[in-house]
Structure formats: C-alpha cells, structure tokens
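Below is the file entry-v6.txt, which contains compact mmCIF, C-alpha atoms and all ligand atoms.
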# COMPACT_ATOMS: atom_id res chain seq x y z
CA MET A 1 -8.49 2.05 -19.52
CA LYS A 2 -5.25 3.84 -20.29
CA LEU A 3 -2.03 1.78 -20.30
CA VAL A 4 1.37 3.33 -19.51
CA GLU A 5 4.37 1.08 -20.19
CA TYR A 6 7.74 1.77 -18.54
CA PRO A 7 11.26 0.58 -19.46
CA ASP A 8 11.74 -0.77 -15.89
CA SER A 9 9.91 -0.94 -12.58
CA GLU A 10 12.35 1.39 -10.80
CA MET A 11 11.45 4.20 -13.18
CA MET A 12 7.75 3.27 -12.93
CA MET A 13 7.75 3.43 -9.12
CA MET A 14 9.39 6.87 -9.05
CA ASP A 15 7.18 8.23 -11.80
CA LEU A 16 4.04 6.89 -10.14
CA ALA A 17 5.03 8.34 -6.76
CA ASP A 18 5.42 11.75 -8.49
CA THR A 19 2.01 11.37 -10.16
CA LEU A 20 0.25 10.48 -6.89
CA ALA A 21 1.96 13.36 -5.05
CA SER A 22 1.00 15.84 -7.73
CA GLU A 23 -2.63 14.66 -7.77
CA LEU A 24 -2.78 15.02 -3.97
CA LYS A 25 -1.33 18.55 -4.20
CA THR A 26 -3.92 19.54 -6.79
CA CYS A 27 -6.68 18.15 -4.60
CA LEU A 28 -5.38 20.07 -1.57
CA LEU A 29 -5.61 23.34 -3.56
CA MET A 30 -9.37 22.87 -3.69
CA HIS A 31 -10.26 20.91 -0.53
CA ASP A 32 -9.50 20.95 3.20
CA HIS A 33 -8.13 17.45 3.02
CA ALA A 34 -7.35 14.76 0.46
CA SER A 35 -7.76 11.01 0.87
CA LEU A 36 -5.29 8.49 -0.52
CA ALA A 37 -6.03 4.75 -0.74
CA VAL A 38 -3.19 2.34 -1.47
CA PRO A 39 -2.78 -1.43 -1.80
CA GLY A 40 -0.67 -3.79 0.25
CA GLY A 41 1.14 -6.88 -1.00
CA THR A 42 4.58 -7.12 -2.58
CA THR A 43 4.35 -4.49 -5.33
CA PRO A 44 3.89 -0.97 -3.86
CA GLY A 45 6.78 -0.77 -1.32
CA PRO A 46 9.16 1.16 -3.63
CA ILE A 47 6.37 3.64 -4.51
CA PHE A 48 5.86 4.27 -0.78
CA ASP A 49 9.62 4.78 -0.31
CA SER A 50 9.53 7.75 -2.73
CA LEU A 51 6.05 9.05 -1.97
CA CYS A 52 6.69 9.37 1.80
CA ALA A 53 9.29 12.08 1.08
CA ALA A 54 7.06 14.12 -1.26
CA ASP A 55 6.88 17.80 -0.45
CA LEU A 56 3.18 18.28 0.23
CA ASP A 57 0.97 19.21 3.17
CA TRP A 58 0.74 15.68 4.59
CA ALA A 59 -1.06 16.96 7.70
CA ARG A 60 -4.11 17.39 5.42
CA VAL A 61 -3.82 13.94 3.81
CA HIS A 62 -5.80 10.94 5.10
CA VAL A 63 -4.22 7.61 4.14
CA MET A 64 -5.94 4.23 4.04
CA LEU A 65 -5.55 0.79 2.53
CA THR A 66 -7.70 -0.58 -0.29
CA ASP A 67 -7.90 -3.86 1.67
CA GLU A 68 -6.44 -5.70 4.63
CA ARG A 69 -5.60 -9.25 5.57
CA TRP A 70 -7.17 -10.08 8.95
CA VAL A 71 -3.88 -10.58 10.80
CA PRO A 72 -2.33 -8.54 13.62
CA GLU A 73 0.00 -5.72 12.71
CA THR A 74 2.96 -7.77 13.97
CA SER A 75 2.46 -10.26 11.11
CA ASP A 76 4.64 -10.09 7.98
CA ARG A 77 1.36 -10.40 6.04
CA SER A 78 -0.13 -7.24 7.53
CA ASN A 79 -0.70 -4.54 4.91
CA THR A 80 -1.00 -2.02 7.77
CA ARG A 81 2.51 -2.92 8.84
CA LEU A 82 3.81 -2.27 5.31
CA LEU A 83 2.08 1.08 5.30
CA ARG A 84 3.47 2.12 8.66
CA ASP A 85 6.99 0.96 7.79
CA ARG A 86 7.25 2.45 4.31
CA LEU A 87 4.60 5.13 3.69
CA LEU A 88 3.63 6.71 7.03
CA THR A 89 7.21 7.79 7.66
CA SER A 90 9.46 10.74 6.68
CA ARG A 91 7.25 13.73 5.67
CA ALA A 92 4.21 11.45 5.35
CA ALA A 93 4.37 10.68 9.09
CA ALA A 94 2.19 13.81 9.48
CA ALA A 95 -0.69 12.14 7.57
CA THR A 96 -3.79 10.79 9.33
CA TYR A 97 -4.15 7.03 9.08
CA VAL A 98 -7.66 5.62 8.57
CA PRO A 99 -7.54 1.97 9.74
CA LEU A 100 -8.98 -1.11 8.04
CA TYR A 101 -7.97 -3.40 10.92
CA ALA A 102 -8.80 -3.57 14.62
CA ASP A 103 -7.99 -6.22 17.17
CA ALA A 104 -10.73 -8.88 16.95
CA GLU A 105 -11.04 -12.52 16.01
CA THR A 106 -12.99 -11.86 12.78
CA PRO A 107 -13.41 -8.87 10.44
CA GLU A 108 -17.20 -9.05 10.79
CA GLU A 109 -16.92 -7.96 14.46
CA LYS A 110 -15.28 -4.65 13.49
CA LEU A 111 -16.90 -4.02 10.12
CA PRO A 112 -19.47 -1.37 11.23
CA GLU A 113 -16.88 0.59 13.22
CA LEU A 114 -14.28 0.52 10.42
CA ALA A 115 -16.88 1.41 7.77
CA GLN A 116 -18.00 4.38 9.88
CA GLY A 117 -14.43 5.71 9.82
CA LEU A 118 -14.50 5.72 6.01
CA VAL A 119 -17.68 7.74 5.49
CA SER A 120 -16.05 11.18 5.69
CA GLU A 121 -13.27 10.09 3.29
CA LEU A 122 -15.53 9.45 0.32
CA PRO A 123 -15.17 9.81 -2.55
CA ILE A 124 -11.50 8.89 -2.24
CA SER A 125 -9.39 11.58 -3.93
CA VAL A 126 -6.50 9.45 -5.19
CA MET A 127 -6.50 5.67 -5.39
CA LEU A 128 -3.73 3.21 -6.21
CA LEU A 129 -4.70 -0.43 -6.71
CA GLY A 130 -2.72 -3.63 -7.12
CA MET A 131 -3.75 -6.83 -8.87
CA GLY A 132 -2.94 -10.51 -8.34
CA ALA A 133 -2.23 -12.91 -11.20
CA ASP A 134 -5.65 -14.42 -10.39
CA MET A 135 -7.18 -11.05 -11.40
CA HIS A 136 -8.23 -10.03 -7.89
CA THR A 137 -7.93 -6.38 -6.98
CA ALA A 138 -8.03 -4.95 -3.44
CA SER A 139 -9.33 -8.14 -1.73
CA ILE A 140 -12.11 -8.82 -4.24
CA PHE A 141 -11.13 -12.35 -5.22
CA PRO A 142 -12.63 -14.67 -7.83
CA GLY A 143 -14.54 -17.42 -6.01
CA ALA A 144 -14.84 -15.41 -2.75
CA ASP A 145 -17.83 -16.07 -0.51
CA GLN A 146 -18.99 -12.42 -0.66
CA LEU A 147 -18.01 -11.74 -4.27
CA ASP A 148 -21.45 -10.58 -5.46
CA HIS A 149 -21.86 -8.43 -2.36
CA ALA A 150 -18.47 -6.76 -2.95
CA LEU A 151 -19.13 -6.22 -6.67
CA LYS A 152 -22.77 -5.14 -6.58
CA GLY A 153 -23.68 -4.17 -3.01
CA ASP A 154 -24.03 -0.71 -1.46
CA ASP A 155 -21.81 -1.38 1.57
CA LEU A 156 -18.51 0.49 1.73
CA LEU A 157 -16.55 -2.36 3.25
CA VAL A 158 -16.96 -6.12 2.84
CA ALA A 159 -15.45 -8.96 4.86
CA MET A 160 -14.71 -12.06 2.85
CA ARG A 161 -12.97 -15.37 2.58
CA ALA A 162 -11.60 -16.76 -0.65
CA PRO A 163 -9.88 -19.96 -1.80
CA GLY A 164 -6.92 -17.88 -3.04
CA ALA A 165 -6.47 -15.98 0.25
CA PRO A 166 -4.86 -17.68 3.27
CA GLU A 167 -6.64 -15.47 5.84
CA PRO A 168 -9.98 -13.59 6.07
CA ARG A 169 -9.98 -10.25 4.30
CA ILE A 170 -11.63 -6.88 4.54
CA THR A 171 -11.93 -4.85 1.36
CA LEU A 172 -13.30 -1.60 -0.01
CA SER A 173 -16.30 -2.55 -2.16
CA ALA A 174 -16.37 -2.08 -5.94
CA LYS A 175 -18.75 0.84 -5.35
CA VAL A 176 -16.07 2.69 -3.34
CA LEU A 177 -13.27 1.72 -5.74
CA LYS A 178 -15.25 2.98 -8.73
CA SER A 179 -16.18 6.28 -7.08
CA ALA A 180 -12.54 7.38 -6.58
CA MET A 181 -11.78 10.72 -8.25
CA SER A 182 -8.55 9.37 -9.71
CA ARG A 183 -7.59 5.70 -10.03
CA HIS A 184 -4.31 3.95 -10.89
CA LEU A 185 -3.43 0.25 -11.09
CA VAL A 186 0.17 -0.88 -10.82
CA ILE A 187 1.43 -4.26 -12.09
CA ILE A 188 4.81 -5.81 -12.82
CA GLY A 189 5.69 -8.74 -15.11
CA GLY A 190 4.43 -10.73 -18.06
CA GLU A 191 2.10 -12.97 -16.06
CA LYS A 192 0.10 -10.03 -14.66
CA ARG A 193 0.07 -8.29 -18.05
CA GLU A 194 -1.46 -11.42 -19.63
CA ALA A 195 -3.96 -11.63 -16.74
CA LEU A 196 -4.92 -8.00 -17.32
CA GLU A 197 -5.49 -8.63 -21.04
CA ARG A 198 -7.68 -11.66 -20.20
CA ALA A 199 -9.61 -9.63 -17.62
CA ARG A 200 -10.57 -7.04 -20.24
CA HIS A 201 -12.74 -9.67 -21.92
CA LEU A 202 -14.19 -11.33 -18.82
CA PRO A 203 -17.07 -10.38 -16.47
CA PRO A 204 -16.10 -9.11 -12.97
CA GLN A 205 -17.45 -12.34 -11.40
CA GLU A 206 -14.57 -14.18 -13.13
CA ALA A 207 -12.07 -11.31 -13.17
CA PRO A 208 -12.87 -8.83 -10.36
CA VAL A 209 -10.33 -6.30 -11.64
CA ALA A 210 -12.55 -5.87 -14.73
CA ALA A 211 -15.01 -3.97 -12.49
CA ILE A 212 -12.64 -1.03 -12.13
CA LEU A 213 -10.73 -0.87 -15.44
CA SER A 214 -12.84 1.83 -17.02
CA ASP A 215 -11.31 5.28 -16.27
CA THR A 216 -8.26 3.62 -14.68
CA THR A 217 -4.65 4.29 -15.66
CA VAL A 218 -2.70 1.03 -15.63
CA HIS A 219 1.06 1.31 -15.04
CA TRP A 220 3.11 -1.68 -16.20
CA ALA A 221 6.77 -2.67 -16.37
CA GLU A 222 8.14 -6.05 -17.44
CA ARG A 223 10.58 -6.24 -14.50
O1 LIG B 301 -3.22 -9.69 -1.16
C1 LIG B 301 -3.10 -8.69 -1.82
O2 LIG B 301 -2.80 -8.81 -3.13
C2 LIG B 301 -2.84 -7.72 -4.08
C3 LIG B 301 -1.72 -7.96 -5.08
O3 LIG B 301 -0.52 -8.13 -4.33
P1 LIG B 301 0.92 -8.35 -5.00
O4 LIG B 301 1.75 -8.95 -3.89
O5 LIG B 301 0.73 -9.32 -6.13
O6 LIG B 301 1.39 -7.00 -5.45
C4 LIG B 301 -2.74 -6.37 -3.39
O7 LIG B 301 -3.04 -5.34 -4.32
C5 LIG B 301 -3.67 -6.32 -2.19
O8 LIG B 301 -3.66 -5.05 -1.60
C6 LIG B 301 -3.17 -7.34 -1.20
O9 LIG B 301 -3.92 -7.36 0.00
Would you kindly transcribe this structure into structure tokens?
Amino acid sequence: MKLVEYPDSEMMMMDLADTLASELKTCLLMHDHASLAVPGGTTPGPIFDSLCAADLDWARVHVMLTDERWVPETSDRSNTRLLRDRLLTSRAAAATYVPLYADAETPEEKLPELAQGLVSELPISVMLLGMGADMHTASIFPGADQLDHALKGDDLLVAMRAPGAPEPRITLSAKVLKSAMSRHLVIIGGEKREALERARHLPPQEAPVAAILSDTTVHWAER
C-alpha cells in the first residue's frame, strides 16, 4: 500500500481527479476503450465535479460503480443518482454507463443480467474505492451474510445484506476489485485513518478493506 497525504481535501480531490483522468488517457492510447469504477457515498462528489470536465475521449470510457444500494434512482441514497448528477455530466456525459441497478424488488433477481454487463469491462482499467469507518469497501461489509462469498468466490457481483447497511447491496467481488489495473482508495478524516491503520493488521473477514490494500494507493486528508 502506498499512502499519499494531502494538506486538505479540496487539494486531494482535484489532484485525484487529475490522476484518474491521466490514467484513463494512458489506457486509451493502448486500448479501444477504458473502464472506470468509482464508489458512491458521501466522499467522491468533489472528485466527480472535477473529473467530469477532464479533456479526454469520454466516448471511449465505460463508467460503473464499485457497488450500489438497492434503492431506486430517485432515492437520495442511490449511488447511481450521485453518478448521474455529478460524474456523467459535462464532457463525461459522452461516457457509456454500465449499470449496477435495475428495477426489481431484490438484487438477486437482476444479478445474472447485471453481471453479464460487466464481463467485457474486465479487468477494470482504473478503479477508485471508498471506505467506511467500519472498514467496509465497495459494499463488502464486516458481518455481511455473503462476506465469504464476496471475499473468496469467483462471481463478479455479489448481493448482500449487512447489519451496517440499511438496505440490500450489490457489490463487485474482491476478485474483481483486486484485478483492477490501477487502484486508488480515498478517505477523509482521523477516524477513517485510524480504521485504515487497524485494517492493515486484521484479516479481511474482520476488515474487508484489507483484501485490497496491496498495490493500492491510499489518498488521505484530515479535513
Ligand atoms: O455505502 C457506501 O459506503 C462507502 C463509504 O462511503 P462514505 O460515505 O463514507 O464515503 C462507499 O465507498 C460505497 O461506495 C457506498 O456504497
């Protein structure tokens, strides 16, 4: 794991947006298309605000989430909604969106269809992950019903429920997260920094983020 510390989160968000854009550009020099996976939640919005204006060939970029909360896109908790509002806009409106949500009562009903849509995107070219203070990453939560499956299984996508998550989730599996060609983790604040330090000495069953720390660049700012 490589740790990059920033004086403040504003600088971190702009710098990280530049890094992601430049990695995508490099990938597009060598491939027909590049895939970009990003988290939802409260942290990445400002990165999306800068990244969406990056000068690159967005028509050849396929964008997806690392995980989704099983709620309709009209919900404030929808990661898809965040993506549409703040990343798939400006120049990035030309990107292709690869969905992790479809209208159904449970994620299990749509799992095969959504997983099929991911096959041609792998390995993911550029991946940005978030982390909760409980050491979950994507939607791989400690104590989740499908934790072992998500950490050790061969499936690309896993549906799960967890005590720390108010709604069912769908998440890229650890196998997909670990196969990304480039991986970044973004966190803000002392609580998450302490959680990250704890996770470095814990097994993934207790600290799921530990599964992906090797070869990951962690970006951190205090506030
Ligand atoms: O629920 C989620 O949580 C994590 C962390 O979110 P944050 O609000 O603490 O930044 C996020 O990475 C994940 O994509 C999201 O679904």
Review point. Within 6 Å of ligand LIG 301 (chain B), counting all atoms listed in the file: which residues, as a ChimeraX atom specification?
Key: /A:39-43,67-68,129-132,137-139
Practice item. Determine the nearest neighbour of Arg86 of chain A from the options A:Met30, A:Leu118, A:Met64, A:Cys52, counting all atoms listed in the file. Key: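 Closest to Arg86 of chain A of all the choices is A:Cys52.
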Revision key, fill the gap. In terms of all atoms listed in the file, the residue from A:Ala93, A:Ile170, A:Ala144, A:Met181 at minimal distance from Pro123 of chain A is A:Met181
Can you list, as a PDB file with C-alpha atoms, keeping the file's coordinate frame, every protein, DNA or RNA residue that comes within 10 Å of Gly190 of chain A when you count all atoms listed in the file, leaving out same-chain residues fewer than 4 positions away?
ATOM      1  CA  ALA A 133      -2.230 -12.910 -11.200  1.00  0.00           C
ATOM      2  CA  GLU A 194      -1.460 -11.420 -19.630  1.00  0.00           C
ATOM      3  CA  ALA A 195      -3.960 -11.630 -16.740  1.00  0.00           C
ATOM      4  CA  LEU A 196      -4.920  -8.000 -17.320  1.00  0.00           C
ATOM      5  CA  TRP A 220       3.110  -1.680 -16.200  1.00  0.00           C
ATOM      6  CA  ALA A 221       6.770  -2.670 -16.370  1.00  0.00           C
ATOM      7  CA  GLU A 222       8.140  -6.050 -17.440  1.00  0.00           C
ATOM      8  CA  ARG A 223      10.580  -6.240 -14.500  1.00  0.00           C
TER       9      ARG A 223
END
Review point. Of the candidates A:Asp57, A:Glu197, A:Glu167, A:Asp76, which shows the shortest atom-to-atom distance to Val209 of chain A, using only C-alpha atoms?
Key: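 Going through A:Asp57, A:Glu197, A:Glu167, A:Asp76 one by one, the smallest distance to Val209 of chain A is for A:Glu197.
With only C-alpha atoms as the atoms that count, the residue of A:Phe141, A:Glu109, A:Met14, A:Leu100 with the shortest distance to Ser78 of chain A is A:Leu100.
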